[in-house]
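Colleague: So here's work_4.tsv, just TSV, C-alpha atoms:
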```tsv
chain	number	residue	atom	x	y	z
A	1	MET	CA	20.77	-37.89	317.14
A	2	LEU	CA	21.25	-39.43	320.59
A	3	ALA	CA	20.51	-36.05	322.14
A	4	PHE	CA	17.23	-35.97	320.22
A	5	PHE	CA	16.16	-39.38	321.56
A	6	LEU	CA	17.10	-38.43	325.13
A	7	ALA	CA	15.52	-34.98	325.09
A	8	ASP	CA	12.85	-34.42	327.75
A	9	PHE	CA	10.07	-34.01	325.19
A	10	ASN	CA	10.99	-37.39	323.65
A	11	LEU	CA	11.54	-39.48	326.78
A	12	PRO	CA	8.08	-41.16	326.78
A	13	TYR	CA	8.52	-42.19	323.14
A	14	SER	CA	12.13	-43.32	323.50
A	15	SER	CA	11.18	-45.23	326.65
A	16	ALA	CA	8.33	-46.98	324.80
A	17	LEU	CA	10.71	-48.18	322.10
A	18	ALA	CA	13.24	-49.25	324.73
A	19	ILE	CA	10.53	-51.33	326.41
A	20	VAL	CA	9.72	-52.91	323.04
A	21	LEU	CA	13.35	-53.92	322.59
A	22	GLY	CA	13.51	-55.21	326.17
A	23	LEU	CA	10.35	-57.29	325.81
A	24	ALA	CA	11.55	-58.69	322.49
A	25	PHE	CA	14.87	-59.68	324.09
A	26	ILE	CA	13.14	-61.29	327.09
A	27	GLU	CA	10.76	-63.22	324.80
A	28	GLY	CA	13.65	-64.38	322.62
A	29	ALA	CA	15.71	-65.48	325.61
A	30	GLY	CA	12.67	-67.20	327.12
A	31	LEU	CA	12.04	-69.21	323.97
A	32	ILE	CA	15.60	-70.52	324.10
A	33	ILE	CA	15.06	-71.94	327.59
A	34	GLY	CA	11.49	-73.07	326.90
A	35	LEU	CA	9.58	-70.22	328.54
A	36	SER	CA	7.35	-67.63	326.86
A	37	LEU	CA	6.57	-64.21	328.29
A	38	GLY	CA	3.67	-63.92	325.85
A	39	SER	CA	2.03	-67.11	327.07
A	40	LEU	CA	2.55	-66.07	330.68
A	41	LEU	CA	0.84	-62.71	330.08
A	42	ASP	CA	-2.10	-64.38	328.34
A	43	ASP	CA	-2.52	-66.81	331.26
A	44	LEU	CA	-2.39	-63.97	333.81
A	45	LEU	CA	-5.03	-61.81	332.12
A	46	PRO	CA	-8.00	-61.64	334.55
A	47	MET	CA	-10.77	-61.96	331.96
A	48	ASP	CA	-11.79	-63.47	328.69
A	49	LEU	CA	-14.06	-61.75	326.16
A	50	ASP	CA	-16.82	-63.51	324.29
A	51	ILE	CA	-16.67	-61.51	321.07
A	52	ASN	CA	-17.07	-62.67	317.52
A	53	ALA	CA	-14.02	-63.00	315.30
A	54	ASP	CA	-15.46	-60.13	313.25
A	55	PRO	CA	-15.01	-57.01	315.42
A	56	ASN	CA	-17.34	-55.02	313.13
A	57	LEU	CA	-20.39	-56.91	314.46
A	58	PRO	CA	-22.64	-54.94	316.82
A	59	ALA	CA	-21.50	-55.00	320.43
A	60	GLY	CA	-21.30	-52.64	323.37
A	61	GLY	CA	-19.12	-51.32	326.19
A	62	LEU	CA	-15.81	-52.96	326.97
A	63	THR	CA	-16.56	-55.83	324.61
A	64	ALA	CA	-16.87	-53.49	321.64
A	65	VAL	CA	-13.74	-51.46	322.46
A	66	LEU	CA	-11.44	-54.46	322.95
A	67	GLY	CA	-12.95	-56.20	319.95
A	68	TRP	CA	-12.29	-53.12	317.81
A	69	LEU	CA	-8.66	-53.15	318.99
A	70	TYR	CA	-8.28	-56.85	318.02
A	71	LEU	CA	-7.24	-57.82	321.53
A	72	LYS	CA	-9.20	-61.09	321.27
A	73	GLN	CA	-7.59	-62.09	317.98
A	74	LEU	CA	-3.98	-61.43	319.07
A	75	PRO	CA	-1.75	-62.62	321.92
A	76	PHE	CA	-1.58	-59.76	324.41
A	77	LEU	CA	2.20	-59.41	324.09
A	78	VAL	CA	1.93	-58.95	320.31
A	79	TRP	CA	-0.74	-56.28	320.72
A	80	LEU	CA	1.31	-54.53	323.44
A	81	LEU	CA	4.39	-54.44	321.22
A	82	LEU	CA	2.33	-52.97	318.37
A	83	PHE	CA	0.87	-50.29	320.64
A	84	LEU	CA	4.19	-49.29	322.22
A	85	SER	CA	5.94	-49.26	318.84
A	86	GLY	CA	3.22	-47.12	317.31
A	87	PHE	CA	3.30	-44.74	320.28
A	88	GLY	CA	7.08	-44.36	320.20
A	89	ILE	CA	7.45	-43.99	316.44
A	90	ALA	CA	4.53	-41.56	316.12
A	91	GLY	CA	5.82	-39.34	318.92
A	92	LEU	CA	9.41	-39.27	317.66
A	93	THR	CA	8.33	-38.65	314.07
A	94	LEU	CA	6.10	-35.75	315.07
A	95	ASN	CA	8.83	-34.14	317.16
A	96	PHE	CA	11.36	-34.64	314.37
A	97	ILE	CA	9.11	-32.74	311.95
A	98	ILE	CA	7.65	-30.21	314.40
A	99	ASN	CA	9.22	-29.87	317.82
A	100	LEU	CA	6.18	-29.77	320.13
A	101	PRO	CA	5.85	-29.64	323.92
A	102	LEU	CA	5.02	-32.97	325.49
A	103	PHE	CA	1.45	-31.99	326.43
A	104	LEU	CA	0.72	-31.38	322.73
A	105	SER	CA	2.51	-34.34	321.19
A	106	LEU	CA	1.33	-36.92	323.76
A	107	PRO	CA	-2.39	-36.99	322.76
A	108	PHE	CA	-1.43	-37.28	319.09
A	109	ALA	CA	0.98	-40.14	319.80
A	110	LEU	CA	-1.60	-42.03	321.89
A	111	LEU	CA	-4.26	-41.65	319.21
A	112	ALA	CA	-1.83	-42.75	316.52
A	113	ALA	CA	-0.81	-45.77	318.63
A	114	VAL	CA	-4.45	-46.87	318.93
A	115	PHE	CA	-5.02	-46.77	315.17
A	116	ILE	CA	-1.64	-48.28	314.31
A	117	SER	CA	-2.19	-51.21	316.71
A	118	ARG	CA	-5.66	-51.76	315.20
A	119	LEU	CA	-4.53	-51.60	311.55
A	120	LEU	CA	-1.46	-53.77	312.01
A	121	GLY	CA	-3.30	-56.04	314.45
A	122	ARG	CA	-5.96	-56.73	311.83
A	123	GLN	CA	-3.31	-57.81	309.33
A	124	ILE	CA	-1.42	-59.97	311.82
A	125	ALA	CA	-4.64	-61.58	313.10
A	126	ARG	CA	-5.29	-62.92	309.60
A	127	ILE	CA	-2.06	-64.93	309.53
A	128	ILE	CA	-1.77	-66.26	313.08
A	129	PRO	CA	-4.06	-68.69	314.94
A	130	LYS	CA	-6.87	-67.08	316.91
A	131	ASN	CA	-6.00	-66.45	320.56
A	132	GLU	CA	-7.91	-68.91	322.79
A	133	SER	CA	-8.75	-68.60	326.47
A	134	SER	CA	-6.83	-70.85	328.87
A	135	ALA	CA	-9.94	-71.29	330.99
A	136	LEU	CA	-13.20	-72.23	329.25
A	137	SER	CA	-14.60	-72.16	325.75
A	138	ASN	CA	-17.34	-69.53	325.60
A	139	THR	CA	-19.68	-72.17	324.14
A	140	SER	CA	-19.69	-73.83	327.58
A	141	PHE	CA	-21.44	-70.87	329.25
A	142	SER	CA	-24.95	-72.29	328.81
A	143	GLY	CA	-26.70	-72.41	332.17
A	144	LYS	CA	-24.33	-69.95	333.84
A	145	LEU	CA	-25.41	-66.88	335.79
A	146	ALA	CA	-24.52	-63.44	334.42
A	147	THR	CA	-25.28	-59.84	335.42
A	148	ILE	CA	-26.21	-57.06	332.98
A	149	THR	CA	-23.52	-54.39	333.30
A	150	ILE	CA	-24.08	-51.95	330.42
A	151	GLY	CA	-27.23	-51.15	328.48
A	152	ARG	CA	-30.81	-52.37	328.44
A	153	ALA	CA	-31.37	-55.74	326.77
A	154	SER	CA	-34.42	-56.52	324.68
A	155	LYS	CA	-35.11	-59.07	321.96
A	156	GLY	CA	-32.78	-58.24	319.05
A	157	ASN	CA	-30.99	-55.55	321.07
A	158	ALA	CA	-28.28	-57.17	323.20
A	159	ALA	CA	-26.65	-55.60	326.25
A	160	GLU	CA	-23.33	-56.37	327.90
A	161	ALA	CA	-23.21	-58.80	330.84
A	162	VAL	CA	-20.45	-60.29	332.97
A	163	LEU	CA	-20.13	-63.77	334.44
A	164	HIS	CA	-17.55	-65.58	336.58
A	165	ASP	CA	-16.42	-69.10	335.76
A	166	GLU	CA	-15.24	-71.74	338.24
A	167	PHE	CA	-11.72	-70.30	338.03
A	168	ASN	CA	-13.15	-66.89	339.12
A	169	GLN	CA	-12.24	-65.37	335.77
A	170	LYS	CA	-14.50	-62.70	334.33
A	171	HIS	CA	-16.12	-63.16	330.92
A	172	TYR	CA	-17.99	-60.39	329.12
A	173	VAL	CA	-20.83	-61.51	326.85
A	174	MET	CA	-23.65	-59.87	324.90
A	175	VAL	CA	-27.09	-60.94	326.14
A	176	GLU	CA	-30.68	-60.57	324.91
A	177	PRO	CA	-33.93	-62.00	326.30
A	178	GLU	CA	-35.23	-65.27	324.97
A	179	GLN	CA	-38.78	-63.87	324.79
A	180	GLU	CA	-40.05	-60.75	323.01
A	181	SER	CA	-41.90	-59.50	326.10
A	182	LEU	CA	-38.86	-59.48	328.40
A	183	VAL	CA	-36.49	-56.58	329.05
A	184	PHE	CA	-33.30	-56.84	331.14
A	185	GLU	CA	-32.31	-53.65	332.95
A	186	GLN	CA	-28.78	-52.93	334.18
A	187	GLY	CA	-28.03	-55.06	337.26
A	188	THR	CA	-30.46	-57.84	336.31
A	189	GLN	CA	-29.18	-61.36	336.89
A	190	VAL	CA	-29.85	-63.73	333.99
A	191	VAL	CA	-29.17	-67.36	333.07
A	192	LEU	CA	-27.54	-67.93	329.68
A	193	ILE	CA	-29.50	-70.30	327.46
A	194	GLU	CA	-28.28	-70.43	323.86
A	195	LYS	CA	-25.29	-69.02	321.93
A	196	LEU	CA	-26.27	-67.00	318.88
A	197	LYS	CA	-23.94	-65.53	316.25
A	198	SER	CA	-22.90	-62.49	318.26
A	199	SER	CA	-24.85	-62.77	321.55
A	200	TRP	CA	-26.56	-65.12	324.03
A	201	THR	CA	-30.24	-65.62	324.70
A	202	ALA	CA	-31.08	-65.64	328.40
A	203	VAL	CA	-33.89	-65.77	330.94
A	204	GLU	CA	-34.12	-63.76	334.12
A	205	PHE	CA	-32.74	-65.52	337.19
A	206	THR	CA	-35.29	-66.08	339.95
A	207	GLN	CA	-34.49	-67.53	343.35
```
Would you mind writing the file's structure down as structure tokens?
Modeller:
Amino acid sequence: MLAFFLADFNLPYSSALAIVLGLAFIEGAGLIIGLSLGSLLDDLLPMDLDINADPNLPAGGLTAVLGWLYLKQLPFLVWLLLFLSGFGIAGLTLNFIINLPLFLSLPFALLAAVFISRLLGRQIARIIPKNESSALSNTSFSGKLATITIGRASKGNAAEAVLHDEFNQKHYVMVEPEQESLVFEQGTQVVLIEKLKSSWTAVEFTQ
């Protein structure tokens, strides 16, 4: 059995599970001395995402992908452990049933890890407190300058925008014009006005 885990075609999957065990040990040891690797990772993340707690709401670009993966609703360390565990178990299980070359088993294991982390993440997110940003509440973005990054925003059809807070952290938000006659093209700078259910209304920034 040890030879199976250490075989070349299983090394990525065995390594992923070894990392899971290592991270769990570090987190456990850290809690004993009053430090948390999970909290440290969350604090070091370079951006916060303004996405609704319901990831099935319309969104776009990076916001939609990370929302679908439940990265906003979970501490990053928890999500990472789910992904690595899913990747390792899926790869080892596949190779135990059908011994495949690495270039064939790797795409399957990655795809399985994505869906496993989403399915388990959704269940875990229901029983733990929602992950909050260490910088600013997204409701405090009113009056801030943002730039349209993906899509073409019109009334009722939001596009993705990015803004920087005073800590120089990036925040991705969905933006739509305040007026029916306005359209925001990619690269347009806008000022956020009001938080809606799943987006912000904005006006074009003029100097």
Colleague: Rank nothing, just name the residue among A:Ala112, A:Leu145, A:Ile193, A:Val78 nearest to A:Thr206, using all atoms listed in the file.
Modeller: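 Counting all atoms listed in the file, the residue closest to A:Thr206 is A:Leu145.
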Colleague: Counting all atoms listed in the file, which residue out of A:Ser199, A:Gln186, A:Ser85, A:Asn168 sits closest to A:Leu120?
Modeller: A:Ser85
Colleague: With distances taken over all atoms listed in the file, which residue among A:Phe96, A:Phe103, A:Leu69, A:Val162 lies nearest A:Arg122?
Modeller: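 Comparing A:Phe96, A:Phe103, A:Leu69, A:Val162 against A:Arg122, the winner is A:Leu69.
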Colleague: Counting all atoms listed in the file, which residue out of A:Ala158, A:Gln179, A:Asp165, A:Leu92 sits closest to A:Leu196?
Modeller: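 Of A:Ala158, A:Gln179, A:Asp165, A:Leu92, the one nearest A:Leu196 is A:Ala158, counting all atoms listed in the file.
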Colleague: From the set A:Leu71, A:Ala90, A:Val175, A:Leu17, which residue has the shortest atom-to-atom contact distance to A:Gly156, counting all atoms listed in the file?
Modeller: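 Closest residue, counting all atoms listed in the file: A:Val175.
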Colleague: Do you have the atom CA of A:Gln189-atom CA of A:Ala161 distance handy?
Modeller: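 A separation of 8.9 Å between them.
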Colleague: Just give me the gap between atom CA of A:His171 and atom CA of A:Ile124 in Å, one decimal is fine.
Modeller: 24.3 Å
